[in-house]
Amino acid sequence: MAGQESDSNEATSNHVAVIFGVTGLVGKELARRLSLRTNWKVYGIARNPEIVPIKDPNFHFISCDLLNPLETQEKLSSLQDVSHLFWITWANQFPLDTQECWEQNRGMMSNALNAILPTARALKHVSLQTGMKHYISLQDPSYLNDHYHYEECPRISTIQNFYYALEDLLTERLAGKVAWSVHRPGVVMGSSNRSLYNLMGALCVYGAICKRQNLPFVFGGTRQCWEETYIDGSDARLVADQHIWAATDAATYSTDGQAFNAINGPPFTWKEIWPAIGMKLGVEVPEDMFSEEFRFSTAMADKKGVWEEIVTKEGLLQTGMEDLANWEFLDLLLRCPFKLLGTRQKADRLGFTARYETLTSILHWIDFMRAEKLIP
């Protein structure tokens, strides 16, 4: 019966999505939301499956190494019914803003487009996710400024940001025949054990270890990052909904590419929300929560065994500490040498008005990860 039901669902699907990067923070949420919609079929592409798989007759996972052109062609060229393509993945083997990173990411998307475009006659829209790093350079201090970035800010000509390569590739390959959009979130809050830059995973593992070892839940970073609005939060639910909105609302369609900052909206400071995060995680938040000397990568370097004990004792899904927590990323985020803030004016003006308080987002995803048995 289940098989017959699935066939019936597929037969009536008039929207067919293919999501590249389906196990990531946004890709996973996007797949979940589209699978629940009427008349949608979803293909999810990633190299490895998610530890908590989506169980829905409208969802079909395909394991594929997109860096391998032959494998990509073999596994994806049969997806002739695709109407909406979502690119929410990237290759991270090389440092950002290097020629190697540029070429690898361009090559990976090119492999996918080579497999999909020749046969996807019903393709209506392509949605690309990059990020707020579109607006800054880590290598050229002259581009580190405090103003709010809007979507039409000029590119930085002195760097090889692979975001630019992907936008240019879509312009070239779609050739004005298919509408496309690009979405630029800030720091994303969601649930995944397959994401390199996973804020929620790092915060939750840190909190669990603090609780286990009776350690104070301190904020390690710079005073500016602690006290000032420094970066935008982006709830994975909001980013996923913006992808869907841009892909299905013909009023936003542009064959030249339509860019949107995908950010929560209300500003926040870590100083304001840190106590509530600690309370939610059940840890001791010291009166003096801020420490400029504390570094997560140093303090957590020898805690893999502690995390293994927590996983076993709490009956959690089997993950290594490194599957959820990237301490170097957390150190960089909380010691960011520049403000990275955007405006929402364009999305708001065109009708996408969803907003989240970043603290509310964080508390939601703690509950979500607990329900998935990823954290205690």
# chains A, B, ... in the order shown; residues from 1 in each chain; ligands from 1
call {"tool": "residues_around", "arguments": {"residues": "segment 211-217 of chain A", "least_positions_apart": "2", "cutoff": "10 Å", "atoms": "only C-alpha atoms", "output": "ChimeraX atom specification"}}
result
/A:203,205-209,219-220,274-275,277-279,281-290,306-307,309-310
call {"tool": "write_last_selection", "arguments": {"atoms": "C-alpha atoms", "output": "short mmCIF file (atom, residue, chain, number, x, y, z; two decimals), in the first residue's frame"}}
result
data_model
loop_
_atom_site.label_atom_id
_atom_site.label_comp_id
_atom_site.auth_asym_id
_atom_site.auth_seq_id
_atom_site.Cartn_x
_atom_site.Cartn_y
_atom_site.Cartn_z
CA LEU A 203 26.60 25.77 21.32
CA VAL A 205 27.76 20.38 22.59
CA TYR A 206 29.57 23.09 24.59
CA GLY A 207 26.59 23.42 26.92
CA ALA A 208 26.30 19.65 27.40
CA ILE A 209 30.00 19.36 28.27
CA PHE A 219 31.34 33.49 26.29
CA GLY A 220 34.78 33.50 24.71
CA TRP A 274 23.70 34.42 26.44
CA PRO A 275 22.03 33.94 29.88
CA ILE A 277 20.82 30.16 26.15
CA GLY A 278 22.63 28.88 29.23
CA MET A 279 19.37 28.51 31.14
CA LEU A 281 20.86 24.19 28.23
CA GLY A 282 20.66 23.77 32.01
CA VAL A 283 24.15 25.04 32.77
CA GLU A 284 25.67 27.46 35.24
CA VAL A 285 25.97 30.93 33.77
CA PRO A 286 28.55 32.87 35.83
CA GLU A 287 27.93 36.46 36.80
CA ASP A 288 30.92 37.44 34.70
CA MET A 289 29.96 35.59 31.50
CA PHE A 290 32.45 37.32 29.22
CA VAL A 306 33.36 13.52 27.47
CA TRP A 307 31.01 13.89 24.52
CA GLU A 309 30.14 9.54 27.54
CA ILE A 310 27.23 11.98 27.17
#
call {"tool": "residues_around", "arguments": {"residues": "segment 25-30 of chain A", "least_positions_apart": "5", "cutoff": "7 Å", "atoms": "only C-alpha atoms", "output": "number ranges by chain"}}
result
A: 19, 88, 190-192, 195, 236-237, 239-240
call {"tool": "write_last_selection", "arguments": {"atoms": "all heavy atoms", "output": "CSV table (one decimal), in the first residue's frame"}}
result
chain,number,residue,atom,x,y,z
A,19,ILE,N,17.1,19.2,-4.6
A,19,ILE,CA,17.9,20.0,-3.6
A,19,ILE,C,19.3,19.5,-3.4
A,19,ILE,O,19.5,18.3,-3.0
A,19,ILE,CB,17.2,20.0,-2.2
A,19,ILE,CG1,15.7,20.5,-2.3
A,19,ILE,CG2,17.9,20.8,-1.2
A,19,ILE,CD1,14.9,20.3,-1.0
A,88,ILE,N,22.3,24.4,-2.5
A,88,ILE,CA,22.5,24.8,-1.1
A,88,ILE,C,23.7,24.1,-0.6
A,88,ILE,O,23.7,23.6,0.5
A,88,ILE,CB,21.3,24.6,-0.2
A,88,ILE,CG1,20.0,25.1,-0.9
A,88,ILE,CG2,21.4,25.3,1.1
A,88,ILE,CD1,18.7,24.9,-0.2
A,190,GLY,N,20.0,26.0,12.7
A,190,GLY,CA,19.3,24.8,12.2
A,190,GLY,C,19.8,23.6,12.8
A,190,GLY,O,20.6,23.6,13.8
A,191,SER,N,19.4,22.4,12.3
A,191,SER,CA,19.8,21.1,12.9
A,191,SER,C,20.4,20.3,11.8
A,191,SER,O,19.8,20.0,10.8
A,191,SER,CB,18.7,20.4,13.5
A,191,SER,OG,19.1,19.1,14.0
A,192,SER,N,21.7,19.8,12.0
A,192,SER,CA,22.3,19.0,11.0
A,192,SER,C,23.6,18.4,11.6
A,192,SER,O,24.2,19.1,12.5
A,192,SER,CB,22.7,19.7,9.7
A,192,SER,OG,23.5,19.0,8.9
A,195,SER,N,27.1,19.7,8.6
A,195,SER,CA,27.4,21.1,8.3
A,195,SER,C,28.7,21.6,9.0
A,195,SER,O,28.9,21.4,10.2
A,195,SER,CB,26.3,22.1,8.7
A,195,SER,OG,25.1,21.8,7.9
A,236,ALA,N,17.0,28.7,9.9
A,236,ALA,CA,16.8,27.8,8.7
A,236,ALA,C,15.4,27.8,8.2
A,236,ALA,O,15.2,27.6,7.0
A,236,ALA,CB,17.3,26.4,9.1
A,237,ARG,N,14.4,28.0,9.1
A,237,ARG,CA,13.0,28.0,8.6
A,237,ARG,C,12.8,29.2,7.8
A,237,ARG,O,12.1,29.1,6.7
A,237,ARG,CB,12.1,28.0,9.9
A,237,ARG,CG,12.2,26.7,10.7
A,237,ARG,CD,11.4,26.9,12.0
A,237,ARG,NE,12.0,27.9,12.9
A,237,ARG,CZ,11.5,28.3,14.0
A,237,ARG,NH1,10.3,27.9,14.4
A,237,ARG,NH2,12.1,29.3,14.7
A,239,VAL,N,15.1,30.9,6.0
A,239,VAL,CA,15.8,30.8,4.8
A,239,VAL,C,15.1,29.9,3.8
A,239,VAL,O,15.0,30.1,2.6
A,239,VAL,CB,17.3,30.4,5.1
A,239,VAL,CG1,18.1,30.4,3.8
A,239,VAL,CG2,18.0,31.3,6.1
A,240,ALA,N,14.7,28.7,4.4
A,240,ALA,CA,13.9,27.8,3.5
A,240,ALA,C,12.7,28.4,3.0
A,240,ALA,O,12.4,28.2,1.8
A,240,ALA,CB,13.6,26.5,4.3
call {"tool": "closest_residue", "arguments": {"among": "A:Asn92, A:Ser291, A:Ser83, A:Thr229", "to": "Glu272 of chain A", "atoms": "only C-alpha atoms"}}
result
A:Thr229
call {"tool": "closest_atom_pairs", "arguments": {"of": "segment 140-210 of chain A", "to": "segment 313-333 of chain A", "cutoff": "7 Å", "atoms": "only C-alpha atoms", "output": "tab-separated table"}}
result
residue	atom	partner	partner_atom	distance
A:Asn193	CA	A:Leu324	CA	5.2
A:Arg194	CA	A:Asp323	CA	6.6
A:Leu196	CA	A:Asn326	CA	6.7
A:Tyr197	CA	A:Phe329	CA	6.4
A:Asn198	CA	A:Ala325	CA	6.6
A:Leu199	CA	A:Leu330	CA	7.0
A:Gly201	CA	A:Leu324	CA	4.5
A:Ala202	CA	A:Ala325	CA	4.0
A:Val205	CA	A:Ala325	CA	6.6
call {"tool": "write_last_selection", "arguments": {"atoms": "N, CA and C atoms", "output": "compact mmCIF listing (two decimals), in the first residue's frame"}}
result
# COMPACT_ATOMS: atom_id res chain seq x y z
N ASN A 193 24.00 17.24 11.24
CA ASN A 193 25.31 16.73 11.65
C ASN A 193 26.25 16.65 10.44
N ARG A 194 25.89 17.39 9.38
CA ARG A 194 26.68 17.38 8.15
C ARG A 194 27.14 18.77 7.74
N LEU A 196 29.61 22.15 8.17
CA LEU A 196 30.89 22.61 8.69
C LEU A 196 30.71 23.78 9.64
N TYR A 197 29.84 24.72 9.28
CA TYR A 197 29.62 25.92 10.08
C TYR A 197 28.28 25.80 10.81
N ASN A 198 28.30 25.09 11.92
CA ASN A 198 27.08 24.71 12.62
C ASN A 198 27.06 25.37 13.99
N LEU A 199 26.47 26.56 14.07
CA LEU A 199 26.42 27.29 15.34
C LEU A 199 25.67 26.51 16.40
N GLY A 201 25.02 23.32 16.70
CA GLY A 201 25.73 22.13 17.15
C GLY A 201 26.82 22.47 18.15
N ALA A 202 27.60 23.52 17.84
CA ALA A 202 28.69 23.92 18.72
C ALA A 202 28.17 24.41 20.07
N VAL A 205 26.72 21.29 22.09
CA VAL A 205 27.76 20.38 22.59
C VAL A 205 28.54 21.06 23.72
call {"tool": "atom_distance", "arguments": {"atom1": "atom CA of Ser127 of chain A", "atom2": "atom CA of Val182 of chain A"}}
result
5.9 Å
call {"tool": "select_by_dssp", "arguments": {"residues": "segment 122-333 of chain A", "states": "helix (DSSP H, G or I)", "output": "JSON, numbers by chain"}}
result
{"A": [132, 133, 134, 135, 141, 142, 143, 162, 163, 164, 165, 166, 167, 168, 169, 170, 171, 172, 173, 174, 199, 200, 201, 202, 203, 204, 205, 206, 207, 208, 209, 210, 211, 212, 213, 223, 224, 225, 226, 227, 236, 237, 238, 239, 240, 241, 242, 243, 244, 245, 246, 247, 248, 250, 251, 252, 270, 271, 272, 273, 274, 275, 276, 277, 278, 279, 280, 281, 296, 297, 298, 299, 304, 305, 306, 307, 308, 309, 310, 311, 312, 313, 314, 321, 322, 323, 324, 327, 328, 329, 330, 331, 332, 333]}
call {"tool": "closest_residue", "arguments": {"among": "A:Glu103, A:Glu167, A:Asp232, A:Asp65", "to": "Leu340 of chain A", "atoms": "only C-alpha atoms"}}
result
A:Asp232
call {"tool": "residues_around", "arguments": {"residues": "Asn111 of chain A", "least_positions_apart": "5", "cutoff": "7 Å", "atoms": "only C-alpha atoms", "output": "list in words"}}
result
Leu66, Pro69 and Thr72 of chain A
call {"tool": "atom_distance", "arguments": {"atom1": "atom CA of Ile231 of chain A", "atom2": "atom CA of Gly186 of chain A"}}
result
6.8 Å
call {"tool": "residues_around", "arguments": {"residues": "segment 354-365 of chain A", "least_positions_apart": "5", "cutoff": "8 Å", "atoms": "only C-alpha atoms", "output": "PDB file with N, CA, C and O atoms, in the first residue's frame"}}
result
ATOM      1  N   MET A 189      20.939  29.155  11.883  1.00  0.00           N
ATOM      2  CA  MET A 189      20.528  28.310  13.005  1.00  0.00           C
ATOM      3  C   MET A 189      19.615  27.214  12.489  1.00  0.00           C
ATOM      4  O   MET A 189      18.556  27.493  11.918  1.00  0.00           O
ATOM      5  N   GLY A 190      20.034  25.963  12.651  1.00  0.00           N
ATOM      6  CA  GLY A 190      19.256  24.824  12.199  1.00  0.00           C
ATOM      7  C   GLY A 190      19.814  23.570  12.831  1.00  0.00           C
ATOM      8  O   GLY A 190      20.630  23.630  13.752  1.00  0.00           O
ATOM      9  N   SER A 191      19.391  22.413  12.327  1.00  0.00           N
ATOM     10  CA  SER A 191      19.836  21.131  12.885  1.00  0.00           C
ATOM     11  C   SER A 191      20.428  20.265  11.785  1.00  0.00           C
ATOM     12  O   SER A 191      19.769  19.988  10.781  1.00  0.00           O
ATOM     13  N   MET A 200      24.489  25.997  16.061  1.00  0.00           N
ATOM     14  CA  MET A 200      23.674  25.307  17.056  1.00  0.00           C
ATOM     15  C   MET A 200      24.379  24.059  17.583  1.00  0.00           C
ATOM     16  O   MET A 200      24.346  23.773  18.790  1.00  0.00           O
ATOM     17  N   GLY A 233      21.503  36.921  12.484  1.00  0.00           N
ATOM     18  CA  GLY A 233      21.082  35.533  12.586  1.00  0.00           C
ATOM     19  C   GLY A 233      20.132  35.190  11.454  1.00  0.00           C
ATOM     20  O   GLY A 233      19.391  36.050  10.959  1.00  0.00           O
ATOM     21  N   SER A 234      20.157  33.925  11.043  1.00  0.00           N
ATOM     22  CA  SER A 234      19.266  33.458   9.977  1.00  0.00           C
ATOM     23  C   SER A 234      18.712  32.090  10.375  1.00  0.00           C
ATOM     24  O   SER A 234      19.431  31.095  10.367  1.00  0.00           O
ATOM     25  N   ASP A 235      17.445  32.070  10.741  1.00  0.00           N
ATOM     26  CA  ASP A 235      16.777  30.820  11.094  1.00  0.00           C
ATOM     27  C   ASP A 235      16.615  29.980   9.834  1.00  0.00           C
ATOM     28  O   ASP A 235      16.173  30.481   8.793  1.00  0.00           O
ATOM     29  N   LEU A 238      13.308  30.346   8.168  1.00  0.00           N
ATOM     30  CA  LEU A 238      13.134  31.562   7.385  1.00  0.00           C
ATOM     31  C   LEU A 238      13.847  31.445   6.041  1.00  0.00           C
ATOM     32  O   LEU A 238      13.290  31.810   4.998  1.00  0.00           O
ATOM     33  N   ILE A 263      17.810  37.118   6.227  1.00  0.00           N
ATOM     34  CA  ILE A 263      18.182  37.339   7.622  1.00  0.00           C
ATOM     35  C   ILE A 263      16.942  37.519   8.494  1.00  0.00           C
ATOM     36  O   ILE A 263      15.886  37.921   8.016  1.00  0.00           O
ATOM     37  N   ASN A 264      17.119  37.210   9.775  1.00  0.00           N
ATOM     38  CA  ASN A 264      15.991  37.224  10.702  1.00  0.00           C
ATOM     39  C   ASN A 264      15.314  38.583  10.800  1.00  0.00           C
ATOM     40  O   ASN A 264      14.102  38.670  10.890  1.00  0.00           O
ATOM     41  N   GLY A 265      16.091  39.645  10.838  1.00  0.00           N
ATOM     42  CA  GLY A 265      15.509  40.977  10.941  1.00  0.00           C
ATOM     43  C   GLY A 265      15.887  41.680  12.224  1.00  0.00           C
ATOM     44  O   GLY A 265      16.773  42.547  12.223  1.00  0.00           O
ATOM     45  N   PRO A 266      15.242  41.346  13.358  1.00  0.00           N
ATOM     46  CA  PRO A 266      15.567  42.051  14.604  1.00  0.00           C
ATOM     47  C   PRO A 266      17.024  41.844  15.001  1.00  0.00           C
ATOM     48  O   PRO A 266      17.526  40.715  14.999  1.00  0.00           O
ATOM     49  N   PRO A 267      17.750  42.909  15.372  1.00  0.00           N
ATOM     50  CA  PRO A 267      19.153  42.768  15.776  1.00  0.00           C
ATOM     51  C   PRO A 267      19.273  42.115  17.145  1.00  0.00           C
ATOM     52  O   PRO A 267      18.318  42.078  17.926  1.00  0.00           O
ATOM     53  N   PHE A 268      20.464  41.605  17.432  1.00  0.00           N
ATOM     54  CA  PHE A 268      20.704  41.002  18.747  1.00  0.00           C
ATOM     55  C   PHE A 268      22.152  41.225  19.150  1.00  0.00           C
ATOM     56  O   PHE A 268      23.021  41.485  18.312  1.00  0.00           O
ATOM     57  N   ILE A 273      21.504  37.766  25.025  1.00  0.00           N
ATOM     58  CA  ILE A 273      20.843  36.462  24.904  1.00  0.00           C
ATOM     59  C   ILE A 273      21.614  35.316  25.553  1.00  0.00           C
ATOM     60  O   ILE A 273      21.057  34.233  25.737  1.00  0.00           O
ATOM     61  N   ALA A 276      19.985  33.428  28.642  1.00  0.00           N
ATOM     62  CA  ALA A 276      18.829  32.604  28.298  1.00  0.00           C
ATOM     63  C   ALA A 276      19.246  31.317  27.596  1.00  0.00           C
ATOM     64  O   ALA A 276      18.627  30.264  27.793  1.00  0.00           O
ATOM     65  N   ILE A 277      20.316  31.381  26.797  1.00  0.00           N
ATOM     66  CA  ILE A 277      20.820  30.162  26.149  1.00  0.00           C
ATOM     67  C   ILE A 277      21.338  29.196  27.209  1.00  0.00           C
ATOM     68  O   ILE A 277      21.038  27.996  27.186  1.00  0.00           O
ATOM     69  N   LYS A 280      18.489  27.557  29.073  1.00  0.00           N
ATOM     70  CA  LYS A 280      17.841  26.527  28.258  1.00  0.00           C
ATOM     71  C   LYS A 280      18.657  25.236  28.240  1.00  0.00           C
ATOM     72  O   LYS A 280      18.094  24.128  28.244  1.00  0.00           O
TER      73      LYS A 280
END
